[in-house]
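Text of entry09.pdb (PDB, C-alpha atoms) as supplied:
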ATOM      1  CA  MET W   1       0.000   0.000   0.000
ATOM      2  CA  SER W   2       1.275   3.479  -0.777
ATOM      3  CA  GLU W   3      -0.107   5.146   2.314
ATOM      4  CA  PRO W   4       1.570   8.388   3.329
ATOM      5  CA  GLU W   5       3.767   8.110   6.367
ATOM      6  CA  TYR W   6       1.675   8.306   9.459
ATOM      7  CA  HIS W   7       2.810   8.503  13.044
ATOM      8  CA  GLU W   8      -0.111   8.040  15.360
ATOM      9  CA  ASP W   9       1.610   9.290  18.511
ATOM     10  CA  GLU W  10       2.705  12.435  16.737
ATOM     11  CA  ALA W  11      -0.733  13.012  15.221
ATOM     12  CA  LEU W  12      -2.311  12.414  18.614
ATOM     13  CA  ALA W  13       0.024  14.836  20.355
ATOM     14  CA  ARG W  14      -0.699  17.538  17.790
ATOM     15  CA  ALA W  15      -4.434  16.828  17.765
ATOM     16  CA  SER W  16      -4.590  17.080  21.551
ATOM     17  CA  GLN W  17      -3.078  20.563  21.233
ATOM     18  CA  GLY W  18      -5.925  21.607  18.986
ATOM     19  CA  ASP W  19      -4.370  20.866  15.593
ATOM     20  CA  ARG W  20      -7.333  20.061  13.372
ATOM     21  CA  GLU W  21      -5.233  18.778  10.530
ATOM     22  CA  ALA W  22      -3.710  16.181  12.835
ATOM     23  CA  PHE W  23      -7.176  15.226  13.991
ATOM     24  CA  GLY W  24      -8.118  14.940  10.328
ATOM     25  CA  GLN W  25      -5.398  12.317   9.906
ATOM     26  CA  LEU W  26      -6.795  10.331  12.820
ATOM     27  CA  TYR W  27     -10.256  10.670  11.319
ATOM     28  CA  GLU W  28      -9.017   9.365   7.947
ATOM     29  CA  ARG W  29      -7.529   6.357   9.667
ATOM     30  CA  TYR W  30     -10.467   5.386  11.837
ATOM     31  CA  ALA W  31     -13.638   6.681  10.129
ATOM     32  CA  GLU W  32     -14.269   3.474   8.230
ATOM     33  CA  ARG W  33     -13.613   1.231  11.207
ATOM     34  CA  ILE W  34     -15.914   3.177  13.475
ATOM     35  CA  PHE W  35     -18.557   3.220  10.760
ATOM     36  CA  ASN W  36     -18.348  -0.573  10.469
ATOM     37  CA  TYR W  37     -18.691  -0.970  14.210
ATOM     38  CA  VAL W  38     -21.711   1.336  14.424
ATOM     39  CA  TYR W  39     -23.245  -0.172  11.297
ATOM     40  CA  TYR W  40     -23.242  -3.679  12.753
ATOM     41  CA  ARG W  41     -24.403  -2.463  16.169
ATOM     42  CA  THR W  42     -27.331  -0.414  14.855
ATOM     43  CA  GLY W  43     -28.285  -2.184  11.659
ATOM     44  CA  ASN W  44     -29.266   1.136  10.218
ATOM     45  CA  LEU W  45     -27.286   2.847   7.498
ATOM     46  CA  HIS W  46     -28.374   6.443   8.112
ATOM     47  CA  ASP W  47     -28.019   6.209  11.849
ATOM     48  CA  ALA W  48     -24.634   4.554  11.409
ATOM     49  CA  GLU W  49     -23.470   7.524   9.371
ATOM     50  CA  ASP W  50     -24.941  10.001  11.829
ATOM     51  CA  LEU W  51     -23.472   8.239  14.854
ATOM     52  CA  THR W  52     -20.058   7.959  13.190
ATOM     53  CA  ALA W  53     -20.070  11.732  12.722
ATOM     54  CA  ARG W  54     -21.056  12.202  16.352
ATOM     55  CA  VAL W  55     -18.291   9.880  17.540
ATOM     56  CA  PHE W  56     -15.692  12.052  15.821
ATOM     57  CA  GLN W  57     -17.334  15.291  16.897
ATOM     58  CA  ARG W  58     -17.230  14.128  20.486
ATOM     59  CA  ALA W  59     -13.668  12.893  20.076
ATOM     60  CA  MET W  60     -12.608  16.240  18.638
ATOM     61  CA  ASN W  61     -14.269  18.138  21.472
ATOM     62  CA  HIS W  62     -12.564  16.009  24.108
ATOM     63  CA  ILE W  63      -9.233  15.225  22.479
ATOM     64  CA  ARG W  64      -7.476  17.760  24.722
ATOM     65  CA  SER W  65      -8.395  15.702  27.758
ATOM     66  CA  TYR W  66      -7.294  12.436  26.135
ATOM     67  CA  THR W  67      -4.512  10.725  28.058
ATOM     68  CA  ASN W  68      -2.642   7.719  26.778
ATOM     69  CA  ARG W  69      -2.954   4.984  29.374
ATOM     70  CA  GLY W  70      -1.382   2.282  27.279
ATOM     71  CA  ALA W  71      -4.536   1.333  25.398
ATOM     72  CA  PRO W  72      -4.637   2.157  21.691
ATOM     73  CA  PHE W  73      -6.348   5.353  20.577
ATOM     74  CA  SER W  74      -8.928   3.224  18.792
ATOM     75  CA  ALA W  75     -10.041   1.883  22.205
ATOM     76  CA  TRP W  76     -11.057   5.418  23.156
ATOM     77  CA  LEU W  77     -12.970   5.871  19.901
ATOM     78  CA  TYR W  78     -14.696   2.510  20.280
ATOM     79  CA  ARG W  79     -15.716   3.458  23.812
ATOM     80  CA  ILE W  80     -17.265   6.703  22.573
ATOM     81  CA  ALA W  81     -18.994   4.759  19.803
ATOM     82  CA  HIS W  82     -20.203   2.160  22.292
ATOM     83  CA  ASN W  83     -21.717   4.862  24.544
ATOM     84  CA  LEU W  84     -23.420   6.615  21.654
ATOM     85  CA  VAL W  85     -24.815   3.338  20.339
ATOM     86  CA  ALA W  86     -26.119   2.528  23.837
ATOM     87  CA  ASN W  87     -27.876   5.930  23.959
ATOM     88  CA  TRP W  88     -29.238   5.308  20.491
ATOM     89  CA  HIS W  89     -30.736   1.959  21.552
ATOM     90  CA  ARG W  90     -32.190   3.544  24.691
ATOM     91  CA  ASP W  91     -33.812   6.361  22.694
ATOM     92  CA  ARG W  92     -35.230   3.879  20.230
ATOM     93  CA  SER W  93     -36.702   1.685  22.938
ATOM     94  CA  ARG W  94     -38.282   4.775  24.523
ATOM     95  CA  LYS W  95     -39.863   5.677  21.218
ATOM     96  CA  GLN W  96     -41.133   2.088  21.073
ATOM     97  CA  GLU W  97     -40.259   1.551  17.486
ATOM     98  CA  ILE W  98     -41.390  -1.912  16.620
ATOM     99  CA  ALA W  99     -38.882  -3.500  14.333
ATOM    100  CA  ILE W 100     -35.286  -2.653  13.862
ATOM    101  CA  ASP W 101     -34.528  -2.531  10.169
ATOM    102  CA  ASP W 102     -32.670  -5.407   8.748
ATOM    103  CA  LEU W 103     -29.105  -4.576   8.052
ATOM    104  CA  PRO W 104     -28.997  -2.914   4.640
ATOM    105  CA  ILE W 105     -26.593  -4.565   2.282
ATOM    106  CA  LEU W 106     -23.336  -2.763   1.767
ATOM    107  CA  PRO W 107     -20.546  -4.140  -0.381
ATOM    108  CA  ALA W 108     -18.121  -6.163   1.674
ATOM    109  CA  LYS W 109     -14.439  -5.489   1.131
ATOM    110  CA  GLY W 110     -12.906  -7.732  -1.491
ATOM    111  CA  ASP W 111     -16.196  -9.333  -2.417
ATOM    112  CA  HIS W 112     -17.744  -9.540  -5.814
ATOM    113  CA  PRO W 113     -20.508  -6.870  -5.803
ATOM    114  CA  GLU W 114     -23.157  -9.263  -7.085
ATOM    115  CA  ARG W 115     -22.568 -11.638  -4.202
ATOM    116  CA  ASN W 116     -23.518  -8.958  -1.720
ATOM    117  CA  LEU W 117     -26.918  -8.433  -3.221
ATOM    118  CA  VAL W 118     -27.943 -11.919  -2.397
ATOM    119  CA  ARG W 119     -27.168 -12.160   1.252
ATOM    120  CA  SER W 120     -28.762 -15.352   2.337
ATOM    121  CA  GLN W 121     -31.671 -15.594   4.706
ATOM    122  CA  GLU W 122     -29.364 -17.571   6.926
ATOM    123  CA  GLN W 123     -26.980 -14.684   7.216
ATOM    124  CA  ASP W 124     -29.836 -12.329   7.986
ATOM    125  CA  ALA W 125     -31.067 -14.669  10.677
ATOM    126  CA  LEU W 126     -27.589 -14.909  12.144
ATOM    127  CA  LEU W 127     -27.258 -11.112  12.164
ATOM    128  CA  ARG W 128     -30.562 -10.813  13.969
ATOM    129  CA  ILE W 129     -29.415 -13.273  16.606
ATOM    130  CA  ILE W 130     -26.088 -11.485  16.990
ATOM    131  CA  ARG W 131     -27.865  -8.183  17.519
ATOM    132  CA  ALA W 132     -29.959  -9.696  20.270
ATOM    133  CA  LEU W 133     -26.787 -10.614  22.205
ATOM    134  CA  PRO W 134     -25.588  -8.460  25.112
ATOM    135  CA  PRO W 135     -23.589  -5.432  23.861
ATOM    136  CA  GLU W 136     -20.176  -6.654  25.017
ATOM    137  CA  ARG W 137     -20.641  -9.928  23.142
ATOM    138  CA  GLN W 138     -21.641  -8.028  20.024
ATOM    139  CA  ASN W 139     -18.554  -5.843  20.436
ATOM    140  CA  LEU W 140     -16.390  -8.905  20.726
ATOM    141  CA  LEU W 141     -17.763 -10.500  17.556
ATOM    142  CA  ILE W 142     -17.504  -7.274  15.564
ATOM    143  CA  LEU W 143     -13.930  -6.650  16.645
ATOM    144  CA  LYS W 144     -12.965 -10.249  15.975
ATOM    145  CA  PHE W 145     -14.635 -10.829  12.631
ATOM    146  CA  VAL W 146     -15.120  -7.392  11.100
ATOM    147  CA  GLU W 147     -11.853  -5.895  12.334
ATOM    148  CA  GLY W 148      -9.949  -9.172  12.403
ATOM    149  CA  MET W 149      -8.415  -8.410  15.803
ATOM    150  CA  SER W 150      -6.696 -10.911  18.054
ATOM    151  CA  ASN W 151      -7.957 -11.680  21.558
ATOM    152  CA  ALA W 152      -5.107  -9.598  22.987
ATOM    153  CA  GLU W 153      -6.043  -6.562  20.880
ATOM    154  CA  ILE W 154      -9.706  -6.964  21.760
ATOM    155  CA  GLY W 155      -8.713  -7.210  25.418
ATOM    156  CA  LYS W 156      -6.956  -3.844  25.222
ATOM    157  CA  ILE W 157     -10.027  -2.245  23.712
ATOM    158  CA  MET W 158     -12.510  -3.877  26.059
ATOM    159  CA  GLY W 159     -10.323  -3.448  29.116
ATOM    160  CA  ARG W 160     -10.127  -7.200  29.778
ATOM    161  CA  SER W 161      -7.364  -9.773  29.861
ATOM    162  CA  GLU W 162      -6.688 -11.961  26.847
ATOM    163  CA  GLY W 163      -7.915 -14.997  28.788
ATOM    164  CA  ALA W 164     -11.144 -13.256  29.724
ATOM    165  CA  VAL W 165     -11.763 -12.385  26.079
ATOM    166  CA  LYS W 166     -11.090 -15.958  25.033
ATOM    167  CA  SER W 167     -13.523 -17.248  27.615
ATOM    168  CA  LEU W 168     -16.178 -14.684  26.683
ATOM    169  CA  TYR W 169     -15.735 -15.608  23.045
ATOM    170  CA  HIS W 170     -16.265 -19.291  23.767
ATOM    171  CA  ARG W 171     -19.397 -18.579  25.805
ATOM    172  CA  THR W 172     -20.676 -16.334  23.031
ATOM    173  CA  LEU W 173     -20.220 -19.081  20.453
ATOM    174  CA  LEU W 174     -22.051 -21.543  22.653
ATOM    175  CA  ALA W 175     -24.911 -19.116  23.175
ATOM    176  CA  LEU W 176     -25.109 -18.434  19.448
ATOM    177  CA  ARG W 177     -25.109 -22.129  18.646
ATOM    178  CA  ASP W 178     -27.955 -22.711  21.105
ATOM    179  CA  GLN W 179     -29.944 -19.836  19.638
ATOM    180  CA  LEU W 180     -29.461 -21.179  16.138
ATOM    181  CA  GLU W 181     -30.594 -24.615  17.239
ATOM    182  CA  ASP W 182     -33.626 -23.092  18.962
ATOM    183  CA  GLN W 183     -34.551 -21.454  15.692
ATOM    184  CA  ASN W 184     -33.897 -24.653  13.754
ATOM    185  CA  LEU W 185     -31.110 -23.088  11.782
ATOM    186  CA  SER W 186     -28.700 -25.832  10.958
ATOM    187  CA  LEU W 187     -24.971 -25.465  11.374
ATOM    188  CA  GLU W 188     -24.326 -27.948   8.634
ATOM    189  CA  GLY W 189     -23.839 -27.388   4.954
ATOM    190  CA  GLU W 190     -20.838 -25.073   5.237
TER     191      GLU W 190
ATOM    192  CA  MET M   1     -19.542 -24.975  30.786
ATOM    193  CA  ASN M   2     -22.120 -27.680  30.724
ATOM    194  CA  ASP M   3     -23.352 -26.501  27.351
ATOM    195  CA  ALA M   4     -20.277 -27.894  25.697
ATOM    196  CA  GLN M   5     -20.767 -31.280  27.307
ATOM    197  CA  THR M   6     -24.341 -31.674  26.154
ATOM    198  CA  PHE M   7     -23.323 -31.545  22.481
ATOM    199  CA  PRO M   8     -20.916 -34.289  21.461
ATOM    200  CA  SER M   9     -19.969 -32.616  18.163
ATOM    201  CA  SER M  10     -19.541 -29.212  19.805
ATOM    202  CA  GLU M  11     -16.041 -28.485  18.481
ATOM    203  CA  ALA M  12     -17.109 -29.161  14.906
ATOM    204  CA  ASP M  13     -20.255 -27.100  15.484
ATOM    205  CA  LEU M  14     -18.277 -24.190  16.813
ATOM    206  CA  ARG M  15     -15.849 -24.296  13.917
ATOM    207  CA  SER M  16     -18.769 -24.345  11.518
ATOM    208  CA  LEU M  17     -20.330 -21.435  13.385
ATOM    209  CA  GLU M  18     -17.074 -19.493  13.143
ATOM    210  CA  THR M  19     -17.058 -20.047   9.391
ATOM    211  CA  ARG M  20     -20.571 -18.674   9.182
ATOM    212  CA  LEU M  21     -19.683 -15.723  11.335
ATOM    213  CA  SER M  22     -16.694 -14.870   9.170
ATOM    214  CA  ARG M  23     -18.956 -14.976   6.108
ATOM    215  CA  THR M  24     -21.611 -12.818   7.741
ATOM    216  CA  LEU M  25     -19.573 -10.283   9.674
ATOM    217  CA  LYS M  26     -17.453  -8.781   6.949
ATOM    218  CA  ARG M  27     -15.933  -5.370   6.763
ATOM    219  CA  VAL M  28     -18.177  -3.196   4.604
ATOM    220  CA  THR M  29     -17.418  -0.199   2.445
ATOM    221  CA  PRO M  30     -19.193   2.950   3.653
ATOM    222  CA  PRO M  31     -21.604   4.625   1.217
ATOM    223  CA  ASN M  32     -20.009   6.786  -1.464
ATOM    224  CA  GLY M  33     -18.706  10.098  -0.198
ATOM    225  CA  MET M  34     -19.504   9.347   3.429
ATOM    226  CA  VAL M  35     -16.030  10.082   4.708
ATOM    227  CA  GLU M  36     -15.974  13.463   2.943
ATOM    228  CA  ARG M  37     -19.558  14.252   3.963
ATOM    229  CA  LEU M  38     -18.823  13.597   7.600
ATOM    230  CA  ARG M  39     -15.587  15.533   7.381
ATOM    231  CA  SER M  40     -17.439  18.657   6.337
ATOM    232  CA  ARG M  41     -20.001  18.017   9.045
ATOM    233  CA  ILE M  42     -17.294  17.766  11.657
ATOM    234  CA  GLN M  43     -15.677  20.861  10.082
ATOM    235  CA  MET M  44     -12.226  19.574   9.510
ATOM    236  CA  PRO M  45     -10.154  20.906   6.627
ATOM    237  CA  THR M  46      -9.996  18.502   3.695
ATOM    238  CA  ARG M  47      -6.712  17.391   2.159
ATOM    239  CA  SER M  48      -7.378  19.493  -0.926
ATOM    240  CA  GLU M  49      -8.150  22.532   1.250
ATOM    241  CA  ILE M  50      -4.882  22.088   3.077
ATOM    242  CA  THR M  51      -3.048  21.802  -0.258
ATOM    243  CA  LEU M  52      -4.880  24.850  -1.562
ATOM    244  CA  ARG M  53      -3.952  26.877   1.498
ATOM    245  CA  LEU M  54      -0.372  25.795   1.100
ATOM    246  CA  SER M  55      -0.283  26.747  -2.575
ATOM    247  CA  ASP M  56      -1.922  30.121  -1.783
ATOM    248  CA  TRP M  57       0.649  30.739   0.893
ATOM    249  CA  ARG M  58       3.427  29.895  -1.563
ATOM    250  CA  ARG M  59       1.936  32.144  -4.175
ATOM    251  CA  MET M  60       1.688  34.990  -1.667
ATOM    252  CA  PHE M  61       5.297  34.409  -0.688
ATOM    253  CA  PHE M  62       6.452  34.629  -4.312
ATOM    254  CA  VAL M  63       4.358  37.733  -5.013
ATOM    255  CA  PHE M  64       5.683  39.474  -1.898
ATOM    256  CA  GLY M  65       9.266  38.404  -2.706
ATOM    257  CA  GLY M  66       8.852  39.570  -6.299
ATOM    258  CA  VAL M  67       7.588  43.005  -5.262
ATOM    259  CA  ILE M  68      10.424  43.523  -2.753
ATOM    260  CA  SER M  69      13.055  42.367  -5.305
ATOM    261  CA  GLY M  70      11.561  44.664  -7.961
ATOM    262  CA  MET M  71      11.672  47.611  -5.586
ATOM    263  CA  LEU M  72      15.286  46.879  -4.655
ATOM    264  CA  ILE M  73      16.260  46.798  -8.353
ATOM    265  CA  LEU M  74      14.490  50.116  -8.950
ATOM    266  CA  VAL M  75      16.190  51.723  -5.946
ATOM    267  CA  THR M  76      19.585  50.426  -7.105
ATOM    268  CA  ILE M  77      19.057  51.780 -10.645
ATOM    269  CA  ALA M  78      17.879  55.113  -9.222
ATOM    270  CA  ARG M  79      20.919  55.323  -6.951
ATOM    271  CA  ALA M  80      23.259  54.445  -9.797
ATOM    272  CA  PHE M  81      21.592  57.034 -12.011
ATOM    273  CA  TYR M  82      21.832  59.671  -9.235
ATOM    274  CA  TYR M  83      25.519  58.756  -8.641
ATOM    275  CA  PHE M  84      26.475  59.116 -12.308
ATOM    276  CA  ALA M  85      24.448  62.287 -12.706
ATOM    277  CA  ALA M  86      26.139  63.826  -9.663
ATOM    278  CA  ARG M  87      29.581  62.759 -10.913
ATOM    279  CA  SER M  88      29.090  64.274 -14.340
ATOM    280  CA  LYS M  89      27.933  67.523 -12.658
ATOM    281  CA  THR M  90      31.095  67.770 -10.481
ATOM    282  CA  SER M  91      33.395  66.968 -13.427
ATOM    283  CA  LEU M  92      31.940  69.937 -15.293
TER     284      LEU M  92
END
Any chance you could give the structure as structure tokens?
Amino acid sequence: MSEPEYHEDEALARASQGDREAFGQLYERYAERIFNYVYYRTGNLHDAEDLTARVFQRAMNHIRSYTNRGAPFSAWLYRIAHNLVANWHRDRSRKQEIAIDDLPILPAKGDHPERNLVRSQEQDALLRIIRALPPERQNLLILKFVEGMSNAEIGKIMGRSEGAVKSLYHRTLLALRDQLEDQNLSLEGE
Amino acid sequence: MNDAQTFPSSEADLRSLETRLSRTLKRVTPPNGMVERLRSRIQMPTRSEITLRLSDWRRMFFVFGGVISGMLILVTIARAFYYFAARSKTSL
């Protein structure tokens, strides 16, 4: 990849002193990842876009008070995103909206575009089950599969040990498997 | 976890479930122009704006430098002219 040279610590230091260009570099780097996270947590394209903007607005407003405690900067962004998504779910439940939209189909990276248009019913069912899981389990699955992070990296973001993440992941898989079996969705035929 | 014990083929099931998860939870491409749209909403300067500012600044620098250099040349010519005019006056 021919990405321009990027030094996160330097960009962070400048951004925390109010340098908007440096913050712009951080935005460039993380906008897509945060969007993916919010997209899978909300299942709503427009709200995902809106919440992504709010994550970065909030980050920009509070970047001066950001202190590096050893966790990656992305952990801070994911935490902001997590809080905003939680508020979003709370507001929606207050408004008593009946059904959450099914996840609109967006092209997956590296996939043939036509394949995305025919997301199987199975995948939709699985997404629905995932979105009914407790938030931290959803976070774990998104970070693991969408972001391709290791248990150690996820641990840093979630503020847990690698072992705790591994254990949570195993319990999440078991819960998912049980849910799928309850709904008579076979695990065979892969 | 008792759950694991109740299903004899649990490891195979979990591996199969992981395969399904990796097929379902894929990184997606945001809608066209989203990154730029949000950037303007957050009010951060775009790359092109930064470049434009830089080129404007350079242009201003060259204009200012050009004007100063031009004035210096004019002053030098005027001084030289005054010097020669004064010299020819005294030689008379």
Counting only C-alpha atoms, collect the residues of chain M whose closest atom lies at most 6 Å from chain W, and write them out as a CSV table (one decimal) with C-alpha atoms, keeping the file's coordinate frame.
chain,number,residue,atom,x,y,z
M,22,SER,CA,-16.7,-14.9,9.2
M,24,THR,CA,-21.6,-12.8,7.7
M,25,LEU,CA,-19.6,-10.3,9.7
M,26,LYS,CA,-17.5,-8.8,6.9
M,27,ARG,CA,-15.9,-5.4,6.8
M,28,VAL,CA,-18.2,-3.2,4.6
M,29,THR,CA,-17.4,-0.2,2.4
M,38,LEU,CA,-18.8,13.6,7.6
M,42,ILE,CA,-17.3,17.8,11.7
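CA of Ala71 in chain W sits 17.6 Å away from CA of Glu136 in chain W.
Protein and nucleic acid residues near (-14.4, 5.1, 22.2) are Ile34, Val55, Phe56, Arg58, Ala59, Phe73, Ser74, Ala75, Trp76, Leu77, Tyr78, Arg79, Ile80, Ala81, His82, Asn83, Leu84, Ile157 and Met158 of chain W, the criterion being any atom at most 10 Å away using only C-alpha atoms.
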Give me the box for range 36-39 of chain M as JSON, namely the centre and edge lengths in Å to one decimal of a box along x, y and z that holds every listed atom plus 5 Å on each side.
{"center_x": -17.6, "center_y": 14.5, "center_z": 5.3, "size_x": 14.0, "size_y": 12.1, "size_z": 14.7}
Quiz item: Which is closest to Tyr66 in chain W among W:Trp88, W:Ala15, W:Arg29, W:Arg94, if we use all atoms listed in the file?
Solution: W:Ala15
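One finds CA of Thr42 in chain W at 7.9 Å from CA of His89 in chain W.
Of the residues under consideration (W:Arg90, W:Arg128, W:Arg41, W:Arg69), W:Arg128 shows the shortest atom-to-atom contact distance to Gln179 in chain W when counting only C-alpha atoms.
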Quiz prompt | Interatomic distance (Å, one decimal) between CA of Asp19 in chain W and CA of Ser65 in chain W | solution = 13.8 Å
Please complete range 122-147 of chain W with N, CA and C atoms and give it back as a PDB file, in the coordinates of the input.
ATOM      1  N   GLU W 122     -30.116 -17.045   5.782  1.00  0.00           N
ATOM      2  CA  GLU W 122     -29.364 -17.571   6.926  1.00  0.00           C
ATOM      3  C   GLU W 122     -28.503 -16.500   7.559  1.00  0.00           C
ATOM      4  N   GLN W 123     -27.846 -15.749   6.698  1.00  0.00           N
ATOM      5  CA  GLN W 123     -26.980 -14.684   7.216  1.00  0.00           C
ATOM      6  C   GLN W 123     -27.797 -13.620   7.930  1.00  0.00           C
ATOM      7  N   ASP W 124     -28.955 -13.310   7.342  1.00  0.00           N
ATOM      8  CA  ASP W 124     -29.836 -12.329   7.986  1.00  0.00           C
ATOM      9  C   ASP W 124     -30.287 -12.813   9.356  1.00  0.00           C
ATOM     10  N   ALA W 125     -30.619 -14.095   9.403  1.00  0.00           N
ATOM     11  CA  ALA W 125     -31.067 -14.669  10.677  1.00  0.00           C
ATOM     12  C   ALA W 125     -29.945 -14.613  11.707  1.00  0.00           C
ATOM     13  N   LEU W 126     -28.740 -14.931  11.241  1.00  0.00           N
ATOM     14  CA  LEU W 126     -27.589 -14.909  12.144  1.00  0.00           C
ATOM     15  C   LEU W 126     -27.337 -13.485  12.653  1.00  0.00           C
ATOM     16  N   LEU W 127     -27.460 -12.512  11.753  1.00  0.00           N
ATOM     17  CA  LEU W 127     -27.258 -11.112  12.164  1.00  0.00           C
ATOM     18  C   LEU W 127     -28.283 -10.699  13.210  1.00  0.00           C
ATOM     19  N   ARG W 128     -29.507 -11.163  13.011  1.00  0.00           N
ATOM     20  CA  ARG W 128     -30.562 -10.813  13.969  1.00  0.00           C
ATOM     21  C   ARG W 128     -30.242 -11.402  15.355  1.00  0.00           C
ATOM     22  N   ILE W 129     -29.763 -12.626  15.330  1.00  0.00           N
ATOM     23  CA  ILE W 129     -29.415 -13.273  16.606  1.00  0.00           C
ATOM     24  C   ILE W 129     -28.232 -12.554  17.268  1.00  0.00           C
ATOM     25  N   ILE W 130     -27.267 -12.188  16.446  1.00  0.00           N
ATOM     26  CA  ILE W 130     -26.088 -11.485  16.990  1.00  0.00           C
ATOM     27  C   ILE W 130     -26.521 -10.185  17.654  1.00  0.00           C
ATOM     28  N   ARG W 131     -27.467  -9.490  16.997  1.00  0.00           N
ATOM     29  CA  ARG W 131     -27.865  -8.183  17.519  1.00  0.00           C
ATOM     30  C   ARG W 131     -28.770  -8.282  18.729  1.00  0.00           C
ATOM     31  N   ALA W 132     -29.182  -9.505  19.046  1.00  0.00           N
ATOM     32  CA  ALA W 132     -29.959  -9.696  20.270  1.00  0.00           C
ATOM     33  C   ALA W 132     -29.032 -10.076  21.439  1.00  0.00           C
ATOM     34  N   LEU W 133     -27.745 -10.255  21.141  1.00  0.00           N
ATOM     35  CA  LEU W 133     -26.787 -10.614  22.205  1.00  0.00           C
ATOM     36  C   LEU W 133     -26.498  -9.391  23.080  1.00  0.00           C
ATOM     37  N   PRO W 134     -25.995  -9.616  24.297  1.00  0.00           N
ATOM     38  CA  PRO W 134     -25.588  -8.460  25.112  1.00  0.00           C
ATOM     39  C   PRO W 134     -24.511  -7.645  24.386  1.00  0.00           C
ATOM     40  N   PRO W 135     -24.500  -6.313  24.615  1.00  0.00           N
ATOM     41  CA  PRO W 135     -23.589  -5.432  23.861  1.00  0.00           C
ATOM     42  C   PRO W 135     -22.128  -5.873  23.857  1.00  0.00           C
ATOM     43  N   GLU W 136     -21.616  -6.320  25.013  1.00  0.00           N
ATOM     44  CA  GLU W 136     -20.176  -6.654  25.017  1.00  0.00           C
ATOM     45  C   GLU W 136     -19.875  -7.876  24.146  1.00  0.00           C
ATOM     46  N   ARG W 137     -20.852  -8.771  24.026  1.00  0.00           N
ATOM     47  CA  ARG W 137     -20.641  -9.928  23.142  1.00  0.00           C
ATOM     48  C   ARG W 137     -20.697  -9.501  21.678  1.00  0.00           C
ATOM     49  N   GLN W 138     -21.596  -8.559  21.387  1.00  0.00           N
ATOM     50  CA  GLN W 138     -21.641  -8.028  20.024  1.00  0.00           C
ATOM     51  C   GLN W 138     -20.317  -7.344  19.687  1.00  0.00           C
ATOM     52  N   ASN W 139     -19.838  -6.537  20.653  1.00  0.00           N
ATOM     53  CA  ASN W 139     -18.554  -5.843  20.436  1.00  0.00           C
ATOM     54  C   ASN W 139     -17.462  -6.841  20.104  1.00  0.00           C
ATOM     55  N   LEU W 140     -17.424  -7.886  20.896  1.00  0.00           N
ATOM     56  CA  LEU W 140     -16.390  -8.905  20.726  1.00  0.00           C
ATOM     57  C   LEU W 140     -16.443  -9.507  19.314  1.00  0.00           C
ATOM     58  N   LEU W 141     -17.640  -9.873  18.881  1.00  0.00           N
ATOM     59  CA  LEU W 141     -17.763 -10.500  17.556  1.00  0.00           C
ATOM     60  C   LEU W 141     -17.399  -9.527  16.441  1.00  0.00           C
ATOM     61  N   ILE W 142     -17.811  -8.265  16.607  1.00  0.00           N
ATOM     62  CA  ILE W 142     -17.504  -7.274  15.564  1.00  0.00           C
ATOM     63  C   ILE W 142     -15.985  -7.054  15.482  1.00  0.00           C
ATOM     64  N   LEU W 143     -15.382  -6.900  16.652  1.00  0.00           N
ATOM     65  CA  LEU W 143     -13.930  -6.650  16.645  1.00  0.00           C
ATOM     66  C   LEU W 143     -13.171  -7.859  16.102  1.00  0.00           C
ATOM     67  N   LYS W 144     -13.663  -9.035  16.410  1.00  0.00           N
ATOM     68  CA  LYS W 144     -12.965 -10.249  15.975  1.00  0.00           C
ATOM     69  C   LYS W 144     -13.149 -10.520  14.474  1.00  0.00           C
ATOM     70  N   PHE W 145     -14.383 -10.436  14.025  1.00  0.00           N
ATOM     71  CA  PHE W 145     -14.635 -10.829  12.631  1.00  0.00           C
ATOM     72  C   PHE W 145     -14.572  -9.661  11.653  1.00  0.00           C
ATOM     73  N   VAL W 146     -15.125  -8.522  12.031  1.00  0.00           N
ATOM     74  CA  VAL W 146     -15.120  -7.392  11.100  1.00  0.00           C
ATOM     75  C   VAL W 146     -13.733  -6.759  11.078  1.00  0.00           C
ATOM     76  N   GLU W 147     -13.160  -6.558  12.263  1.00  0.00           N
ATOM     77  CA  GLU W 147     -11.853  -5.895  12.334  1.00  0.00           C
ATOM     78  C   GLU W 147     -10.693  -6.883  12.294  1.00  0.00           C
TER      79      GLU W 147
END
